[in-house]
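Containing compact mmCIF, C-alpha atoms: target-v6.txt.
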```txt
# COMPACT_ATOMS: atom_id res chain seq x y z
CA MET A 738 -40.94 6.13 -14.13
CA LEU A 739 -39.97 3.01 -12.21
CA LEU A 740 -42.62 0.95 -14.01
CA VAL A 741 -41.48 2.21 -17.42
CA MET A 742 -37.79 1.48 -16.73
CA ILE A 743 -38.42 -1.99 -15.33
CA THR A 744 -40.81 -2.85 -18.17
CA ALA A 745 -38.25 -1.71 -20.72
CA MET A 746 -35.55 -3.77 -19.03
CA ILE A 747 -37.72 -6.91 -18.91
CA VAL A 748 -38.84 -6.54 -22.54
CA LEU A 749 -35.24 -6.19 -23.68
CA MET A 750 -34.19 -9.27 -21.70
CA VAL A 751 -37.06 -11.28 -23.21
CA MET A 752 -35.77 -10.19 -26.61
CA ALA A 753 -32.43 -11.82 -25.67
CA VAL A 754 -30.64 -8.51 -25.24
CA PRO A 755 -27.67 -9.03 -22.87
CA VAL A 756 -28.45 -8.19 -19.24
CA ALA A 757 -25.93 -5.34 -18.98
CA VAL A 758 -27.18 -3.71 -22.19
CA ALA A 759 -30.82 -4.06 -21.09
CA ILE A 760 -30.10 -2.41 -17.74
CA GLY A 761 -28.08 0.36 -19.38
CA LEU A 762 -30.73 1.13 -22.01
CA ALA A 763 -33.42 1.23 -19.32
CA GLY A 764 -31.28 3.71 -17.34
CA MET A 765 -30.75 5.86 -20.43
CA LEU A 766 -34.50 5.82 -21.06
CA GLY A 767 -35.03 7.12 -17.55
CA ILE A 768 -32.57 9.98 -18.05
CA VAL A 769 -33.84 10.99 -21.51
CA GLY A 770 -37.54 10.56 -20.78
CA PHE A 771 -37.91 11.70 -17.17
CA THR A 772 -35.11 14.17 -16.43
CA ASN A 773 -33.54 17.29 -17.90
CA LEU A 774 -30.00 16.07 -17.29
CA PRO A 775 -27.44 16.36 -20.09
CA LEU A 776 -26.43 13.12 -21.82
CA ILE A 777 -22.89 13.48 -20.49
CA VAL A 778 -24.31 12.15 -17.22
CA ILE A 779 -24.61 8.68 -18.76
CA PRO A 780 -20.87 7.94 -19.20
CA GLN A 781 -20.11 9.94 -16.06
CA GLN A 782 -22.32 7.77 -13.82
CA ALA A 783 -21.15 4.59 -15.55
CA PHE A 784 -17.60 5.57 -14.57
CA VAL A 785 -18.58 6.59 -11.04
CA ALA A 786 -20.09 3.12 -10.48
CA LEU A 787 -16.69 1.57 -11.26
CA ASP A 788 -14.58 4.14 -9.42
CA LYS A 789 -14.44 2.10 -6.20
CA PHE A 790 -11.20 0.58 -4.99
CA PRO A 791 -12.68 -2.70 -3.62
CA LEU A 792 -13.91 -3.56 -7.13
CA ALA A 793 -10.30 -4.07 -8.16
CA ALA A 794 -10.49 -7.40 -6.32
CA VAL A 795 -13.06 -8.79 -8.76
CA PRO A 796 -10.81 -9.41 -11.81
CA PHE A 797 -7.98 -10.71 -9.64
CA PHE A 798 -10.13 -13.30 -7.86
CA ILE A 799 -11.54 -14.39 -11.22
CA LEU A 800 -7.99 -14.76 -12.55
CA ALA A 801 -6.89 -16.69 -9.46
CA GLY A 802 -9.79 -19.13 -9.85
CA ASN A 803 -9.03 -19.72 -13.53
CA ILE A 804 -5.34 -20.29 -12.80
CA MET A 805 -6.28 -22.83 -10.11
CA ALA A 806 -8.52 -24.66 -12.57
CA ALA A 807 -5.91 -24.78 -15.32
CA GLY A 808 -2.88 -25.29 -13.07
CA GLY A 809 -3.78 -28.57 -11.39
CA ILE A 810 -4.70 -27.13 -8.00
CA SER A 811 -8.36 -28.16 -8.23
CA ARG A 812 -7.41 -31.69 -9.36
CA ARG A 813 -5.13 -32.17 -6.36
CA LEU A 814 -7.86 -31.00 -4.00
CA ILE A 815 -10.19 -33.58 -5.50
CA ASP A 816 -7.59 -36.32 -5.09
CA LEU A 817 -7.18 -35.45 -1.41
CA VAL A 818 -10.90 -35.49 -0.64
CA GLU A 819 -11.39 -38.74 -2.53
CA SER A 820 -8.57 -40.32 -0.51
CA VAL A 821 -10.52 -39.48 2.65
CA VAL A 822 -14.01 -40.55 1.57
CA GLY A 823 -12.68 -43.49 -0.47
CA ARG A 824 -15.14 -46.38 -0.60
CA ARG A 825 -17.63 -44.79 1.76
CA SER A 826 -21.22 -44.53 0.66
CA ALA A 827 -21.85 -41.26 -1.19
CA GLY A 828 -18.10 -40.71 -1.32
CA LEU A 829 -17.98 -39.01 -4.72
CA PRO A 830 -20.97 -36.68 -4.09
CA ILE A 831 -19.47 -35.68 -0.74
CA SER A 832 -16.18 -35.05 -2.55
CA CYS A 833 -18.05 -32.72 -4.89
CA VAL A 834 -19.49 -30.69 -1.98
CA VAL A 835 -16.26 -30.50 0.02
CA VAL A 836 -13.98 -29.69 -2.91
CA CYS A 837 -16.37 -26.97 -4.08
CA MET A 838 -16.26 -25.49 -0.58
CA VAL A 839 -12.45 -25.45 -0.52
CA PHE A 840 -12.16 -24.20 -4.09
CA ALA A 841 -14.68 -21.48 -3.31
CA ALA A 842 -12.41 -20.25 -0.52
CA VAL A 843 -10.02 -18.82 -3.09
CA SER A 844 -11.90 -18.46 -6.37
CA GLY A 845 -14.91 -16.42 -5.18
CA SER A 846 -16.85 -17.44 -8.27
CA SER A 847 -19.52 -20.14 -8.55
CA VAL A 848 -19.23 -20.41 -12.32
CA ALA A 849 -15.46 -20.90 -12.11
CA THR A 850 -16.06 -23.57 -9.47
CA THR A 851 -18.59 -25.34 -11.71
CA TYR A 852 -16.17 -25.56 -14.62
CA ALA A 853 -13.06 -26.38 -12.61
CA ILE A 854 -14.54 -29.09 -10.39
CA GLY A 855 -17.37 -30.30 -12.61
CA ALA A 856 -15.05 -31.19 -15.49
CA ILE A 857 -13.46 -33.81 -13.22
CA LEU A 858 -16.19 -34.94 -10.82
CA ILE A 859 -19.27 -35.11 -13.07
CA PRO A 860 -17.70 -37.76 -15.35
CA ALA A 861 -16.33 -39.55 -12.25
CA MET A 862 -19.81 -39.76 -10.67
CA VAL A 863 -21.31 -40.99 -13.95
CA ARG A 864 -18.67 -43.75 -14.10
CA GLN A 865 -19.78 -44.83 -10.61
CA ASN A 866 -23.35 -45.31 -11.84
CA TYR A 867 -24.81 -41.99 -10.65
CA PRO A 868 -27.35 -40.46 -13.06
CA VAL A 869 -25.72 -37.74 -15.11
CA GLY A 870 -28.62 -35.40 -14.27
CA TYR A 871 -28.00 -35.91 -10.56
CA ALA A 872 -24.25 -35.40 -10.93
CA ALA A 873 -24.66 -32.17 -12.89
CA SER A 874 -27.37 -30.82 -10.55
CA LEU A 875 -25.26 -31.53 -7.46
CA GLN A 876 -22.25 -29.87 -9.05
CA ALA A 877 -24.23 -26.75 -9.98
CA THR A 878 -25.70 -26.52 -6.48
CA SER A 879 -22.42 -27.18 -4.65
CA ALA A 880 -20.73 -24.50 -6.74
CA GLU A 881 -23.10 -21.98 -5.15
CA LEU A 882 -20.68 -22.17 -2.21
CA GLY A 883 -18.44 -20.04 -4.42
CA VAL A 884 -20.44 -16.97 -3.42
CA LEU A 885 -21.00 -17.95 0.23
CA ILE A 886 -17.52 -19.02 1.32
CA PRO A 887 -15.21 -16.00 1.42
CA PRO A 888 -13.66 -14.38 -0.48
CA SER A 889 -16.72 -13.80 -2.63
CA ILE A 890 -17.25 -11.43 -5.53
CA PRO A 891 -20.93 -10.78 -4.63
CA MET A 892 -19.83 -9.92 -1.08
CA ILE A 893 -17.44 -7.32 -2.47
CA LEU A 894 -20.22 -5.88 -4.65
CA TYR A 895 -22.67 -5.77 -1.73
CA GLY A 896 -20.08 -4.13 0.51
CA VAL A 897 -19.44 -1.42 -2.09
CA SER A 898 -23.14 -0.90 -2.86
CA ALA A 899 -24.43 -0.91 0.73
CA SER A 900 -21.38 0.71 2.37
CA ALA A 901 -20.81 -2.41 4.49
CA PRO A 902 -17.30 -3.53 5.55
CA VAL A 903 -16.12 -6.20 3.11
CA GLY A 904 -13.90 -7.83 5.73
CA ASP A 905 -16.89 -8.33 8.04
CA LEU A 906 -18.90 -9.77 5.17
CA PHE A 907 -16.14 -12.28 4.48
CA ILE A 908 -16.14 -13.45 8.08
CA ALA A 909 -19.95 -13.58 8.19
CA GLY A 910 -20.02 -15.79 5.10
CA LEU A 911 -18.28 -18.67 6.89
CA GLY A 912 -21.35 -19.67 8.91
CA PRO A 913 -23.86 -19.82 6.02
CA GLY A 914 -21.28 -21.46 3.75
CA LEU A 915 -20.50 -24.24 6.24
CA LEU A 916 -24.22 -24.69 6.94
CA VAL A 917 -25.03 -25.19 3.25
CA ALA A 918 -22.07 -27.54 2.77
CA ALA A 919 -23.15 -29.67 5.75
CA ALA A 920 -26.78 -29.74 4.60
CA LEU A 921 -25.82 -30.82 1.09
CA ALA A 922 -23.52 -33.53 2.45
CA ILE A 923 -26.31 -34.89 4.66
CA TYR A 924 -28.73 -34.84 1.73
CA VAL A 925 -26.44 -36.80 -0.60
CA VAL A 926 -25.80 -39.42 2.09
CA ILE A 927 -29.56 -39.90 2.58
CA TRP A 928 -30.21 -39.90 -1.18
CA THR A 929 -27.51 -42.47 -1.84
CA ARG A 930 -28.70 -44.73 0.97
CA PHE A 931 -32.22 -44.88 -0.47
CA SER A 932 -31.13 -45.23 -4.09
CA SER A 933 -29.37 -48.01 -5.96
CA HIS A 934 -27.11 -45.99 -8.18
CA GLU A 935 -23.73 -46.14 -6.46
CA LYS A 936 -21.44 -49.19 -6.59
CA PRO A 937 -18.97 -48.60 -3.73
CA ARG A 938 -16.96 -51.74 -4.46
CA ASP A 939 -15.85 -50.24 -7.78
CA ILE A 940 -14.36 -47.13 -6.14
CA VAL A 941 -10.59 -47.18 -5.81
CA ARG A 942 -9.41 -45.40 -2.69
CA LYS A 943 -6.39 -43.18 -3.34
CA PRO A 944 -3.42 -43.17 -0.93
CA PHE A 945 -4.12 -40.50 1.70
CA TRP A 946 -0.57 -39.41 2.51
CA LYS A 947 0.43 -39.19 -1.11
CA SER A 948 -2.68 -37.13 -1.89
CA LEU A 949 -2.04 -34.91 1.15
CA ARG A 950 1.54 -34.20 0.05
CA GLY A 951 0.31 -33.36 -3.44
CA ALA A 952 -2.41 -31.02 -2.13
CA THR A 953 -0.45 -29.29 0.65
CA LEU A 954 0.32 -26.19 -1.40
CA ALA A 955 -3.26 -26.08 -2.66
CA LEU A 956 -4.59 -26.26 0.90
CA PHE A 957 -2.26 -23.50 2.05
CA MET A 958 -3.78 -21.06 -0.43
CA PRO A 959 -7.04 -20.38 1.49
CA VAL A 960 -5.01 -20.23 4.71
CA LEU A 961 -2.78 -17.55 3.18
CA ILE A 962 -5.63 -15.51 1.71
CA LEU A 963 -8.18 -15.71 4.52
CA GLY A 964 -5.57 -15.63 7.26
CA GLY A 965 -4.02 -12.53 5.76
CA ILE A 966 -7.38 -10.77 5.57
CA TYR A 967 -8.56 -11.69 9.06
CA GLY A 968 -5.12 -11.10 10.53
CA GLY A 969 -5.04 -7.56 9.17
CA VAL A 970 -1.98 -8.24 7.01
CA PHE A 971 -3.69 -7.08 3.83
CA THR A 972 -7.07 -5.88 2.58
CA PRO A 973 -9.45 -8.03 0.50
CA THR A 974 -8.26 -6.22 -2.63
CA GLU A 975 -4.62 -6.90 -1.79
CA ALA A 976 -5.57 -10.49 -0.96
CA SER A 977 -6.89 -10.96 -4.50
CA ILE A 978 -3.47 -10.01 -5.88
CA MET A 979 -1.77 -12.38 -3.45
CA ALA A 980 -4.12 -15.15 -4.64
CA VAL A 981 -3.05 -14.59 -8.24
CA ALA A 982 0.65 -14.49 -7.34
CA TYR A 983 0.45 -17.64 -5.24
CA ALA A 984 -1.59 -19.54 -7.86
CA LEU A 985 0.92 -18.55 -10.55
CA VAL A 986 3.98 -19.63 -8.57
CA VAL A 987 2.43 -22.97 -7.58
CA SER A 988 0.90 -23.79 -10.99
CA VAL A 989 3.77 -22.64 -13.23
CA PHE A 990 6.94 -23.18 -11.23
CA ILE A 991 6.12 -25.91 -8.68
CA TYR A 992 3.38 -28.14 -10.12
CA ARG A 993 4.38 -27.16 -13.67
CA ASP A 994 0.92 -28.01 -14.95
CA LEU A 995 0.39 -24.59 -16.50
CA SER A 996 2.48 -23.61 -19.48
CA PHE A 997 3.05 -20.02 -20.51
CA ARG A 998 1.07 -20.67 -23.68
CA ALA A 999 -1.89 -21.96 -21.66
CA LEU A 1000 -1.52 -18.97 -19.34
CA ILE A 1001 -2.32 -16.65 -22.24
CA GLY A 1002 -5.66 -18.42 -22.70
CA VAL A 1003 -6.34 -18.13 -18.96
CA LEU A 1004 -5.61 -14.41 -19.05
CA ARG A 1005 -7.88 -13.93 -22.04
CA ALA A 1006 -10.78 -15.82 -20.44
CA SER A 1007 -10.33 -13.96 -17.15
CA ALA A 1008 -10.26 -10.59 -18.89
CA LEU A 1009 -13.47 -11.42 -20.74
CA SER A 1010 -15.27 -12.56 -17.57
CA SER A 1011 -14.08 -9.48 -15.68
CA ALA A 1012 -15.17 -7.14 -18.47
CA ILE A 1013 -18.65 -8.65 -18.47
CA ILE A 1014 -19.05 -8.18 -14.71
CA MET A 1015 -17.66 -4.64 -14.78
CA PHE A 1016 -19.96 -3.70 -17.65
CA ILE A 1017 -22.93 -4.97 -15.64
CA ILE A 1018 -21.80 -2.99 -12.60
CA SER A 1019 -21.39 0.23 -14.59
CA MET A 1020 -24.82 -0.07 -16.23
CA ALA A 1021 -26.46 -1.04 -12.93
CA GLY A 1022 -24.84 2.01 -11.37
CA LEU A 1023 -26.42 4.21 -14.03
CA PHE A 1024 -29.80 2.53 -13.44
CA SER A 1025 -29.47 2.98 -9.68
CA PHE A 1026 -28.50 6.66 -10.09
CA VAL A 1027 -31.67 7.42 -12.06
CA LEU A 1028 -33.87 5.67 -9.49
CA THR A 1029 -32.15 7.34 -6.55
CA ARG A 1030 -32.43 10.80 -8.11
CA ALA A 1031 -36.15 10.22 -8.65
CA GLY A 1032 -36.61 9.25 -4.99
CA VAL A 1033 -37.60 5.66 -5.78
CA PRO A 1034 -35.55 4.02 -2.98
CA ALA A 1035 -37.11 6.30 -0.38
CA ALA A 1036 -40.58 5.63 -1.78
CA ILE A 1037 -40.01 1.86 -1.71
CA GLY A 1038 -38.72 2.15 1.84
CA ASP A 1039 -41.77 4.10 2.94
CA TRP A 1040 -44.08 1.57 1.25
CA ILE A 1041 -42.38 -1.37 2.96
CA VAL A 1042 -42.50 0.33 6.36
CA LEU A 1043 -46.20 1.04 5.93
CA ASN A 1044 -47.09 -2.47 4.77
CA PHE A 1045 -44.79 -4.56 6.95
CA GLU A 1046 -44.89 -3.66 10.60
CA SER A 1047 -42.67 -6.45 11.91
CA LYS A 1048 -39.13 -7.46 11.12
CA LEU A 1049 -40.19 -11.06 10.52
CA GLY A 1050 -42.77 -10.01 7.94
CA PHE A 1051 -40.27 -7.77 6.20
CA LEU A 1052 -37.70 -10.58 5.98
CA LEU A 1053 -40.28 -13.01 4.61
CA ALA A 1054 -41.35 -10.52 1.94
CA VAL A 1055 -37.76 -9.67 1.00
CA ASN A 1056 -36.86 -13.36 0.67
CA ALA A 1057 -39.80 -13.99 -1.65
CA PHE A 1058 -38.97 -10.88 -3.68
CA LEU A 1059 -35.26 -11.65 -4.01
CA PHE A 1060 -35.89 -15.28 -4.89
CA VAL A 1061 -38.03 -14.23 -7.87
CA ILE A 1062 -35.60 -11.48 -8.89
CA GLY A 1063 -32.67 -13.91 -8.75
CA MET A 1064 -34.41 -16.20 -11.23
CA PHE A 1065 -34.48 -13.52 -13.92
CA ILE A 1066 -31.65 -11.04 -13.25
CA GLU A 1067 -27.96 -11.79 -12.90
CA THR A 1068 -26.69 -11.81 -9.31
CA SER A 1069 -24.12 -9.03 -9.65
CA ALA A 1070 -26.59 -6.70 -11.33
CA SER A 1071 -29.28 -7.46 -8.74
CA ILE A 1072 -26.94 -6.68 -5.86
CA VAL A 1073 -25.69 -3.42 -7.31
CA VAL A 1074 -29.21 -2.21 -8.11
CA LEU A 1075 -31.11 -3.48 -5.04
CA ALA A 1076 -28.59 -3.28 -2.18
CA PRO A 1077 -28.65 0.55 -1.97
CA ILE A 1078 -32.47 0.38 -1.91
CA LEU A 1079 -33.10 -2.49 0.51
CA ALA A 1080 -30.18 -2.25 2.94
CA PRO A 1081 -31.27 1.10 4.48
CA VAL A 1082 -34.81 -0.24 4.89
CA ALA A 1083 -33.47 -3.37 6.59
CA MET A 1084 -31.46 -1.20 8.96
CA SER A 1085 -34.63 0.73 9.84
CA PHE A 1086 -36.03 -2.58 11.11
CA GLY A 1087 -32.94 -3.08 13.25
CA ILE A 1088 -31.36 -5.69 10.96
CA ASN A 1089 -27.57 -5.71 10.91
CA PRO A 1090 -26.41 -4.74 7.38
CA VAL A 1091 -23.85 -7.57 7.36
CA HIS A 1092 -26.55 -10.08 8.29
CA PHE A 1093 -28.84 -8.65 5.62
CA GLY A 1094 -26.00 -8.96 3.13
CA MET A 1095 -25.82 -12.69 3.81
CA ILE A 1096 -29.58 -13.01 3.30
CA MET A 1097 -29.43 -11.06 0.06
CA ILE A 1098 -26.40 -12.85 -1.38
CA MET A 1099 -27.62 -16.31 -0.43
CA ASN A 1100 -31.06 -15.62 -1.89
CA LEU A 1101 -29.88 -14.15 -5.16
CA ALA A 1102 -27.28 -16.92 -5.50
CA MET A 1103 -30.13 -19.41 -5.87
CA GLY A 1104 -30.86 -17.69 -9.16
CA MET A 1105 -27.68 -19.38 -10.39
CA ILE A 1106 -29.32 -22.80 -10.02
CA THR A 1107 -32.92 -21.99 -10.96
CA PRO A 1108 -34.36 -21.63 -14.47
CA PRO A 1109 -34.65 -19.75 -16.71
CA PHE A 1110 -31.29 -17.96 -16.38
CA GLY A 1111 -29.35 -20.15 -13.94
CA VAL A 1112 -25.74 -19.72 -15.07
CA ASN A 1113 -24.53 -22.63 -12.95
CA LEU A 1114 -27.14 -24.87 -14.56
CA PHE A 1115 -25.94 -24.00 -18.03
CA ALA A 1116 -22.30 -24.44 -17.01
CA ALA A 1117 -22.96 -27.86 -15.41
CA SER A 1118 -25.10 -28.85 -18.39
CA ALA A 1119 -22.26 -28.00 -20.76
CA VAL A 1120 -19.61 -29.76 -18.68
CA GLY A 1121 -21.75 -32.86 -18.12
CA LYS A 1122 -23.17 -32.86 -21.66
CA VAL A 1123 -26.68 -33.29 -20.29
CA SER A 1124 -29.93 -31.47 -21.08
CA LEU A 1125 -31.63 -29.32 -18.46
CA ASP A 1126 -34.80 -31.45 -18.46
CA ARG A 1127 -32.74 -34.37 -17.09
CA MET A 1128 -31.33 -32.15 -14.35
CA ILE A 1129 -34.54 -30.56 -13.06
CA PRO A 1130 -35.97 -33.61 -11.18
CA HIS A 1131 -32.72 -33.93 -9.23
CA LEU A 1132 -32.40 -30.18 -8.81
CA VAL A 1133 -35.72 -29.57 -7.02
CA PRO A 1134 -34.80 -31.31 -3.71
CA LEU A 1135 -31.39 -29.61 -3.75
CA VAL A 1136 -33.06 -26.20 -4.07
CA LEU A 1137 -35.33 -27.12 -1.15
CA VAL A 1138 -32.24 -27.92 0.94
CA ILE A 1139 -30.79 -24.46 0.14
CA LEU A 1140 -34.15 -22.83 0.97
CA ALA A 1141 -34.17 -24.54 4.36
CA CYS A 1142 -30.67 -23.21 5.03
CA LEU A 1143 -31.78 -19.75 3.89
CA ALA A 1144 -34.62 -19.81 6.41
CA LEU A 1145 -32.17 -20.62 9.20
CA VAL A 1146 -29.75 -17.89 8.11
CA THR A 1147 -32.61 -15.37 7.84
CA TYR A 1148 -34.13 -15.90 11.28
CA LEU A 1149 -31.01 -16.94 13.21
CA PRO A 1150 -28.57 -14.02 12.86
CA ALA A 1151 -25.99 -15.85 14.98
CA ILE A 1152 -25.23 -18.12 12.01
CA SER A 1153 -23.87 -15.11 10.14
CA LEU A 1154 -22.72 -12.89 12.99
CA GLY A 1155 -21.57 -15.45 15.57
CA ILE A 1156 -17.95 -15.76 14.40
CA LEU A 1157 -17.76 -12.00 13.85
CA GLN A 1158 -18.88 -11.36 17.42
CA MET A 1159 -16.48 -13.92 18.88
CA ILE A 1160 -13.38 -12.38 17.34
CA ARG A 1161 -14.26 -8.88 18.54
```

Show the structure stored in the file as structure tokens.
Amino acid sequence: MLLVMITAMIVLMVMAVPVAVAIGLAGMLGIVGFTNLPLIVIPQQAFVALDKFPLAAVPFFILAGNIMAAGGISRRLIDLVESVVGRRSAGLPISCVVVCMVFAAVSGSSVATTYAIGAILIPAMVRQNYPVGYAASLQATSAELGVLIPPSIPMILYGVSASAPVGDLFIAGLGPGLLVAAALAIYVVIWTRFSSHEKPRDIVRKPFWKSLRGATLALFMPVLILGGIYGGVFTPTEASIMAVAYALVVSVFIYRDLSFRALIGVLRASALSSAIIMFIISMAGLFSFVLTRAGVPAAIGDWIVLNFESKLGFLLAVNAFLFVIGMFIETSASIVVLAPILAPVAMSFGINPVHFGMIMIMNLAMGMITPPFGVNLFAASAVGKVSLDRMIPHLVPLVLVILACLALVTYLPAISLGILQMIR
């Protein structure tokens, strides 16, 4: 049964059938071909997969990120970071990493981060003599922070799927997110020092205090959202609504960079993105229901326990498995399908479910920057107007940097759980 469903799903994806449709059709095949359940179960389970209150945060965080991109908030963050790095070596690439980290703290989406920041910084890096392939690859990789720095849509999905506290996941994401940001910043400094692409004398340093005044309201947004969550003022779902409200007030009434006409386009784009993610979740829920009813998760758990006696071996195998899965299946779908299967097995090895969530999210997020279905790659390619073959040579070392960080996060739980333990 499992082999038939997975084969059907892969064949459909190879035929360019959308991921959500492929997963849904594979789930329907499992119900029709291997069970006696009535067909009414199909829409019922699709609805059950969406009938979870934390999922309400997904469309609101997407909307908040799009408002930030269209309302001038992202541009002001870039101006502030550039005023700090100024004429320093690797200043623009470091700006890319840092701004993506800050933007990720309120958007929760790596694709939104790629479009919002890349549209400004990729052309800026090209003007400063950086190869366009390098600029686009760095932007796509830095945008991965959108799923590591809280709030994060994949963290919400993992929390719902694995019954893990979303608030704890948000706190745990700070360590891995900061680690990746620091590693990327160190890499770009080393790369720039041993290359001859940058011309620092041509970089105009922007006035710091002027940039700080312009970005104050933008900087207060992550403080409001994350402070409210960690302070117990509101839940992650309520925080997503606060993010939208704050972004609207700042963009429309204070910065006045977002007109009501442009807001309609933002709402339309956000609704479309949200619908796509929700459709994936509903179909993945149906797929997961069929597998669970057939006892597949328990069988996989038993097989893993029999073949991997140590926790270290299990983590190594899971990392290799998730890395390959992330290359071919969309992150949200992978989390919703695999988290209910793998999280209980991880717990049987004594692995904290929050720590395992960080491993899973960080691993699958690399699928966003690896061919053949890396959505961040396609987004950065479109924004930078560069072909993927010019990005790949620059992308390989960046992926290796992320893999090194993943190894540290996997085998040093304190990176994920340290802050969580300190505040308790």

Tell me, in Å to one decimal, how far CA of Leu1009 (chain A) is from CA of Ile886 (chain A).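 A separation of 23.7 Å between them.
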
TODO: Please work out which residues fall within 10 Å of (-31.6, 2.0, -12.6), coordinates as given in the file, with all atoms listed in the file counting, and return them as a list of chain:residue names.
DONE: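 So the residues meeting the distance criterion are A:Leu739, A:Met742, A:Ile743, A:Met746, A:Ile760, A:Gly761, A:Leu762, A:Ala763, A:Gly764, A:Met765, A:Leu766, A:Gly767, A:Ile768, A:Met1020, A:Ala1021, A:Gly1022, A:Leu1023, A:Phe1024, A:Ser1025, A:Phe1026, A:Val1027, A:Leu1028, A:Thr1029, A:Arg1030, A:Val1033, A:Val1073, A:Val1074, A:Leu1075.
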
Atoms to include: C-alpha atoms. Write the selected residues as a compact mmCIF listing (two decimals), keeping the file's coordinate frame.
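What ended up in selection-v3.txt:
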```txt
# COMPACT_ATOMS: atom_id res chain seq x y z
CA LEU A 739 -39.97 3.01 -12.21
CA MET A 742 -37.79 1.48 -16.73
CA ILE A 743 -38.42 -1.99 -15.33
CA MET A 746 -35.55 -3.77 -19.03
CA ILE A 760 -30.10 -2.41 -17.74
CA GLY A 761 -28.08 0.36 -19.38
CA LEU A 762 -30.73 1.13 -22.01
CA ALA A 763 -33.42 1.23 -19.32
CA GLY A 764 -31.28 3.71 -17.34
CA MET A 765 -30.75 5.86 -20.43
CA LEU A 766 -34.50 5.82 -21.06
CA GLY A 767 -35.03 7.12 -17.55
CA ILE A 768 -32.57 9.98 -18.05
CA MET A 1020 -24.82 -0.07 -16.23
CA ALA A 1021 -26.46 -1.04 -12.93
CA GLY A 1022 -24.84 2.01 -11.37
CA LEU A 1023 -26.42 4.21 -14.03
CA PHE A 1024 -29.80 2.53 -13.44
CA SER A 1025 -29.47 2.98 -9.68
CA PHE A 1026 -28.50 6.66 -10.09
CA VAL A 1027 -31.67 7.42 -12.06
CA LEU A 1028 -33.87 5.67 -9.49
CA THR A 1029 -32.15 7.34 -6.55
CA ARG A 1030 -32.43 10.80 -8.11
CA VAL A 1033 -37.60 5.66 -5.78
CA VAL A 1073 -25.69 -3.42 -7.31
CA VAL A 1074 -29.21 -2.21 -8.11
CA LEU A 1075 -31.11 -3.48 -5.04
```

Notebook entry, point to check: For Thr878 (chain A), which of A:Asn866, A:Ser847, A:Ser900, A:Ser1019 is the closest residue, counting all atoms listed in the file?
Noted result: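 Comparing A:Asn866, A:Ser847, A:Ser900, A:Ser1019 against Thr878 (chain A), the winner is A:Ser847.
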
In the coordinates of the file, take the point (-18.3, -21.0, -10.3) and a cut-off of 12 Å; then, counting all atoms listed in the file, name each qualifying protein, DNA or RNA residue as JSON, numbers by chain.
{"A": [798, 799, 802, 803, 806, 837, 838, 840, 841, 842, 843, 844, 845, 846, 847, 848, 849, 850, 851, 852, 853, 854, 855, 856, 876, 877, 878, 879, 880, 881, 882, 883, 884, 885, 886, 889, 890, 891, 1010, 1102, 1105, 1106, 1111, 1112, 1113, 1114, 1115, 1116, 1117]}

Min atom-atom distance to Trp946 (chain A) from the set A:Met1064, A:Ile815, A:Val821, A:Ile1018, counting all atoms listed in the file, belongs to A:Val821

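Separating CA of Leu1043 (chain A) from CA of Thr772 (chain A) is a distance of 28.2 Å.
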
Using only C-alpha atoms, the shortest atom-to-atom distance to Tyr1148 (chain A) among A:Phe784, A:Phe1051, A:Phe990, A:Phe1060 belongs to A:Phe1051

Residues within 8 Å of Ala909 (chain A), only C-alpha atoms, excluding chain neighbours under 3 positions, as a PyMOL selection string = chain A and resi 905-906+912-913+1091-1092+1095+1152-1157

**Asked** Could you pull the residues within 10 Å of region 928-933 of chain A, counting only C-alpha atoms, minus those fewer than 4 positions along the same chain, as a list in words?
**Response**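 What passes the distance filter is Ser826, Ala827, Gly828, Pro830, Asn866, Tyr867, Ala922, Ile923 and Tyr924 of chain A.
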
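Across the structure, CA of Ala757 (chain A) and CA of Ser1071 (chain A) are spaced 11.0 Å apart.
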
Inset, instruction - Tell me which protein, DNA and RNA residues are within 8 Å of region 985-988 of chain A, counting all atoms listed in the file, leaving out same-chain ones fewer than 3 positions away, and put them as number ranges by chain. - result: A: 804-805, 808-810, 954, 981-982, 991-995

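Residues within 8 Å of Ile1096 (chain A), counting only C-alpha atoms and excluding same-chain residues fewer than 4 positions away, are Asn1056, His1092, Asn1100, Leu1143, Val1146 and Thr1147 of chain A.
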